[in-house]
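Working notes for the structure below.
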Amino acid sequence: MATTPRSQLVDSELPMHYHLISRCVRRAWLCGYDKNSRKKYDHRKGWLEDRLFHLARYFAIDLDAYAIMSNHFHLVVYYDPLACHKWDATEVARRWTEAFPPRVSPDYPQDLEALQALRREEILKNPRRLEQIRLTLGSLSDFMKHLKQPVAWRANREDKCTGHFFEGRFYSGALLSEQAVLAAMAYVDLNPVRAKICEAIDGYAHTSAYRRLQHLENSPERLQELMRPLVSGISNPLEPKPQLMILEDYIRHLRILSRFSESHMTDAEAIWFNRVASLSKRQRAYGLLGELQDWVARHGWRRTGNALA
């Protein structure tokens with residue numbers, strides 16, 4: 001797939017789901033077992049996971065699925081490019097100071113609240129700075145930048161080196177339908193199974209499926225609820241999100257896809273299998289034929305890939 005400007009890949013007006021992938025430089029296993037140094041860096045997956053859940057509360061996204069692997073990570077997010085313009089000035093300043101809190105001495109943690117209040121005042125008195133912050137919190141590219149940068153800096157300090165940790169550019173594919181969103185979520189959650197790191201979806205800790213299963217231990221009634229974002233930074237999306245399936249059905253489909261080959265599936269299960277498999281081919285967008293035609297017409301492109309059946 002030829003390189004395309006991010007401004008063309010991510011719609012600047014329509015709220016939409018996206019499948020995002022970012023890789024470590026040279027696809028090195030910088031978050032796993034390094035064969036050269038013979039050291040394990042699995043703890044860095046936790047760094048990235050913690051950062052992901054922190055930032056997603058304040059940027060204009062919902063986090064629907066993720067998988068953090070040894071040399072790359074996947075996200076499925078719902079992004080509303082206009083949500084940030086609905087936040088008033090006080091909300092913008094609050095989000096910024098909580099997303100990026102000022103540093104305080106461990107001996108005086110009570111200073112954090114006072115410093116945040118002072119920083120909010122400074123932001124509110126500077127309209128130009130306020131609008132810059134608003135646009136940053138409303139940018140998918142800036143979300144990815146601020147997600148990866150602190151992890152890269154921390155890893156470089158640990159390795160006592162400098163240089164890039166993640167590739168500069170990340171992949172994004174628009175998900176144009178409910179079928180495409182669910183297929184992408186399953187593709188992401190099944191990544192460790194597909195990589196033969198584990199045999200079942202509860203065998204790898206750094207995925208959205210694992211986190212959802214852990215939460216069910218205390219709230220089994222949630223199995224009958226429609227799936228909700230793991231964490232949301234969008235208070236008032238401009239249009240309703242697709243009505244995704246209930247969590248019990250989603251988990252059942254994941255288990256079917258992780259255990260059986262296509263030849264042992266029913267027709268309905270095989271359709272799901274093919275939808276998920278289609279995500280292995282990187283495209284600019286995924287959806288049904290009519291949705292793809294509308295998408296490419298909107299962007300002035302031509303369709304070369306197949307529809308997600």
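Chain labels follow the order of the structure tokens: the first chain is A, the next B, and so on; residue numbering restarts at 1 in every chain, and ligands are counted from 1 in their shown order.
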**OP:** Find the spatial neighbours of A:Trp272, counting only C-alpha atoms, within a cut-off of 9 Å - ignore same-chain residues fewer than 6 positions away - and output them as number ranges by chain.
**Re:** A: 179, 183, 253, 257, 309
Go ahead and save the picked residues with C-alpha atoms, as an mmCIF file, in the first residue's frame.
```cif
data_model
loop_
_atom_site.group_PDB
_atom_site.id
_atom_site.type_symbol
_atom_site.label_atom_id
_atom_site.label_comp_id
_atom_site.auth_asym_id
_atom_site.auth_seq_id
_atom_site.Cartn_x
_atom_site.Cartn_y
_atom_site.Cartn_z
ATOM 1 C CA GLN A 179 -19.095 -5.868 10.644
ATOM 2 C CA ALA A 183 -13.815 -8.140 12.666
ATOM 3 C CA HIS A 253 -16.951 -16.074 18.611
ATOM 4 C CA LEU A 257 -12.080 -18.646 15.968
ATOM 5 C CA ALA A 309 -18.261 -9.771 3.117
#
```
**OP:** Identify, on the basis of only C-alpha atoms, every residue whose closest approach to A:Met69 does not exceed 12 Å; exclude the query and any residue fewer than 2 positions from it along the same chain; express the result as number ranges by chain.
**Re:** A: 21-24, 27-33, 41-46, 48-49, 66-67, 71-75, 188-197, 204-207
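Near A:Gly300, within 12 Å and counting only C-alpha atoms, sit Gln8, Leu9, Leu292, Gln293 and Asp294 of chain A; same-chain residues fewer than 6 positions away were not included.
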Let me see the file: selected residues, N, CA and C atoms, as an mmCIF file, in the first residue's frame.
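Result file is again-v3.cif:
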```cif
data_model
loop_
_atom_site.group_PDB
_atom_site.id
_atom_site.type_symbol
_atom_site.label_atom_id
_atom_site.label_comp_id
_atom_site.auth_asym_id
_atom_site.auth_seq_id
_atom_site.Cartn_x
_atom_site.Cartn_y
_atom_site.Cartn_z
ATOM 1 N N GLN A 8 -5.519 12.404 4.815
ATOM 2 C CA GLN A 8 -6.431 11.749 3.885
ATOM 3 C C GLN A 8 -6.932 10.412 4.425
ATOM 4 N N LEU A 9 -6.153 9.776 5.280
ATOM 5 C CA LEU A 9 -6.544 8.482 5.822
ATOM 6 C C LEU A 9 -7.553 8.600 6.957
ATOM 7 N N LEU A 292 -17.513 1.029 0.858
ATOM 8 C CA LEU A 292 -16.194 1.284 0.277
ATOM 9 C C LEU A 292 -16.288 2.224 -0.914
ATOM 10 N N GLN A 293 -17.323 2.042 -1.730
ATOM 11 C CA GLN A 293 -17.498 2.920 -2.891
ATOM 12 C C GLN A 293 -17.725 4.363 -2.449
ATOM 13 N N ASP A 294 -18.544 4.553 -1.418
ATOM 14 C CA ASP A 294 -18.775 5.908 -0.897
ATOM 15 C C ASP A 294 -17.488 6.502 -0.337
#
```
Original post:
How many Å lie between atom CA of A:Val151 and atom CA of A:His164, rounded to one decimal?
Top reply: 11.0 Å
Original post:
So which residues touch stretch 168-172 of chain A within 10 Å, counting only C-alpha atoms, skipping near sequence neighbours fewer than 6 positions away, as a VMD selection string?
Top reply: chain A and resid 3 6 9 to 10 17 to 25 74 to 76 141 144 to 145 148 282 to 285
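Nearest to A:Val181 of all the residues A:Arg275, A:Arg259, A:Arg211, A:Lys39 is A:Arg275, counting only C-alpha atoms.
For the residues A:Glu225, A:Glu91, A:Glu217, A:Asp142, ranking by smallest atom-to-atom distance to A:Leu55 using only C-alpha atoms places A:Asp142 first.
Distances to A:Gly138 were evaluated for A:Ala60, A:Ala99, A:Cys161, A:Leu176 using only C-alpha atoms, and the minimum falls at A:Ala60.
Distances to A:Arg128 were evaluated for A:Leu226, A:Ala180, A:Ala89, A:Leu288 using only C-alpha atoms, and the minimum falls at A:Ala89.
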Subject >> Residue set, stretch 142-297 of chain A restricted to alpha helix (DSSP H), as a PyMOL selection string >> reply: chain A and resi 142-159+178-189+191-194+208-216+247-259+267-278+289-297
Subject >> All residues 12 Å or closer to A:Ile234, only C-alpha atoms, same chain fewer than 5 positions away omitted, as a ChimeraX atom specification >> reply: /A:15,55-63,77-87,91,95,137-138,229,239-241
Would you save the residues from that selection as an mmCIF file, in the first residue's frame, using N, CA and C atoms?
```cif
data_model
loop_
_atom_site.group_PDB
_atom_site.id
_atom_site.type_symbol
_atom_site.label_atom_id
_atom_site.label_comp_id
_atom_site.auth_asym_id
_atom_site.auth_seq_id
_atom_site.Cartn_x
_atom_site.Cartn_y
_atom_site.Cartn_z
ATOM 1 N N PRO A 15 -17.120 11.101 12.681
ATOM 2 C CA PRO A 15 -16.695 10.163 13.723
ATOM 3 C C PRO A 15 -16.647 8.760 13.139
ATOM 4 N N LEU A 55 -4.215 8.056 28.788
ATOM 5 C CA LEU A 55 -4.462 9.083 27.776
ATOM 6 C C LEU A 55 -5.846 8.984 27.152
ATOM 7 N N ALA A 56 -6.367 7.773 26.997
ATOM 8 C CA ALA A 56 -7.658 7.597 26.318
ATOM 9 C C ALA A 56 -8.800 8.268 27.064
ATOM 10 N N ARG A 57 -8.604 8.621 28.322
ATOM 11 C CA ARG A 57 -9.642 9.320 29.086
ATOM 12 C C ARG A 57 -9.761 10.784 28.694
ATOM 13 N N TYR A 58 -8.734 11.328 28.053
ATOM 14 C CA TYR A 58 -8.678 12.769 27.849
ATOM 15 C C TYR A 58 -8.664 13.187 26.387
ATOM 16 N N PHE A 59 -8.278 12.294 25.485
ATOM 17 C CA PHE A 59 -8.308 12.595 24.055
ATOM 18 C C PHE A 59 -9.676 12.221 23.481
ATOM 19 N N ALA A 60 -9.923 12.656 22.256
ATOM 20 C CA ALA A 60 -11.246 12.486 21.638
ATOM 21 C C ALA A 60 -11.414 11.105 21.013
ATOM 22 N N ILE A 61 -11.209 10.066 21.837
ATOM 23 C CA ILE A 61 -11.340 8.706 21.334
ATOM 24 C C ILE A 61 -12.065 7.832 22.357
ATOM 25 N N ASP A 62 -12.602 6.717 21.888
ATOM 26 C CA ASP A 62 -13.006 5.585 22.716
ATOM 27 C C ASP A 62 -12.064 4.440 22.379
ATOM 28 N N LEU A 63 -11.606 3.726 23.390
ATOM 29 C CA LEU A 63 -10.762 2.552 23.172
ATOM 30 C C LEU A 63 -11.641 1.306 23.204
ATOM 31 N N VAL A 77 -9.987 1.978 17.778
ATOM 32 C CA VAL A 77 -10.508 3.158 18.475
ATOM 33 C C VAL A 77 -11.642 3.781 17.679
ATOM 34 N N TYR A 78 -12.519 4.443 18.407
ATOM 35 C CA TYR A 78 -13.551 5.277 17.797
ATOM 36 C C TYR A 78 -13.081 6.713 17.982
ATOM 37 N N TYR A 79 -12.931 7.417 16.892
ATOM 38 C CA TYR A 79 -12.353 8.767 16.929
ATOM 39 C C TYR A 79 -13.365 9.772 16.412
ATOM 40 N N ASP A 80 -13.612 10.818 17.200
ATOM 41 C CA ASP A 80 -14.520 11.889 16.803
ATOM 42 C C ASP A 80 -13.694 13.163 16.591
ATOM 43 N N PRO A 81 -13.434 13.545 15.339
ATOM 44 C CA PRO A 81 -12.541 14.686 15.076
ATOM 45 C C PRO A 81 -13.116 16.031 15.496
ATOM 46 N N LEU A 82 -14.422 16.105 15.751
ATOM 47 C CA LEU A 82 -15.045 17.379 16.115
ATOM 48 C C LEU A 82 -15.407 17.454 17.594
ATOM 49 N N ALA A 83 -15.203 16.385 18.336
ATOM 50 C CA ALA A 83 -15.598 16.367 19.747
ATOM 51 C C ALA A 83 -14.904 17.459 20.551
ATOM 52 N N CYS A 84 -13.631 17.707 20.263
ATOM 53 C CA CYS A 84 -12.878 18.681 21.060
ATOM 54 C C CYS A 84 -13.447 20.088 20.955
ATOM 55 N N HIS A 85 -14.159 20.370 19.860
ATOM 56 C CA HIS A 85 -14.725 21.706 19.676
ATOM 57 C C HIS A 85 -15.994 21.902 20.501
ATOM 58 N N LYS A 86 -16.505 20.830 21.103
ATOM 59 C CA LYS A 86 -17.676 20.933 21.966
ATOM 60 C C LYS A 86 -17.296 21.164 23.420
ATOM 61 N N TRP A 87 -15.996 20.995 23.737
ATOM 62 C CA TRP A 87 -15.556 21.191 25.111
ATOM 63 C C TRP A 87 -15.359 22.686 25.368
ATOM 64 N N GLU A 91 -13.034 22.797 30.396
ATOM 65 C CA GLU A 91 -12.887 21.367 30.163
ATOM 66 C C GLU A 91 -11.583 21.051 29.441
ATOM 67 N N ARG A 95 -8.704 18.676 31.082
ATOM 68 C CA ARG A 95 -8.209 17.470 30.423
ATOM 69 C C ARG A 95 -6.686 17.522 30.258
ATOM 70 N N LEU A 137 -5.622 17.589 21.788
ATOM 71 C CA LEU A 137 -6.495 16.606 22.417
ATOM 72 C C LEU A 137 -7.508 16.033 21.425
ATOM 73 N N GLY A 138 -7.734 16.746 20.334
ATOM 74 C CA GLY A 138 -8.668 16.291 19.307
ATOM 75 C C GLY A 138 -7.992 15.635 18.121
ATOM 76 N N PRO A 229 -16.968 0.672 25.349
ATOM 77 C CA PRO A 229 -15.526 0.968 25.271
ATOM 78 C C PRO A 229 -14.836 0.623 26.584
ATOM 79 N N GLU A 239 -22.649 11.540 16.707
ATOM 80 C CA GLU A 239 -23.651 10.610 16.222
ATOM 81 C C GLU A 239 -23.450 9.275 16.933
ATOM 82 N N PRO A 240 -24.532 8.492 17.066
ATOM 83 C CA PRO A 240 -24.408 7.252 17.837
ATOM 84 C C PRO A 240 -23.444 6.268 17.207
ATOM 85 N N LYS A 241 -22.777 5.498 18.066
ATOM 86 C CA LYS A 241 -21.876 4.461 17.587
ATOM 87 C C LYS A 241 -22.675 3.250 17.129
#
```
Original post:
Looking only at the backbone, which of the residues in stretch 100-288 of chain A does DSSP tag as strand (DSSP E), as JSON, numbers by chain?
Top reply: {"A": [171, 172, 173, 174, 175, 231, 232, 285, 286]}
Since we have the selection now, will you write its residues out, keeping C-alpha atoms, as a compact mmCIF listing (two decimals), in the first residue's frame?
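The result, written out as out04.txt:
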```txt
# COMPACT_ATOMS: atom_id res chain seq x y z
CA TYR A 171 -0.83 2.27 10.13
CA SER A 172 -4.49 3.30 10.18
CA GLY A 173 -7.40 1.61 8.43
CA ALA A 174 -10.91 3.08 8.54
CA LEU A 175 -13.64 0.66 9.64
CA VAL A 231 -12.23 3.64 28.37
CA SER A 232 -13.71 6.76 26.78
CA ALA A 285 -10.59 1.14 4.67
CA TYR A 286 -12.73 -1.93 5.32
```
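Atom CA of A:Phe143 sits 20.2 Å away from atom CA of A:Thr90.
One distance worth recording is that between atom CA of A:Arg302 and atom CA of A:Leu289, which is 12.6 Å.
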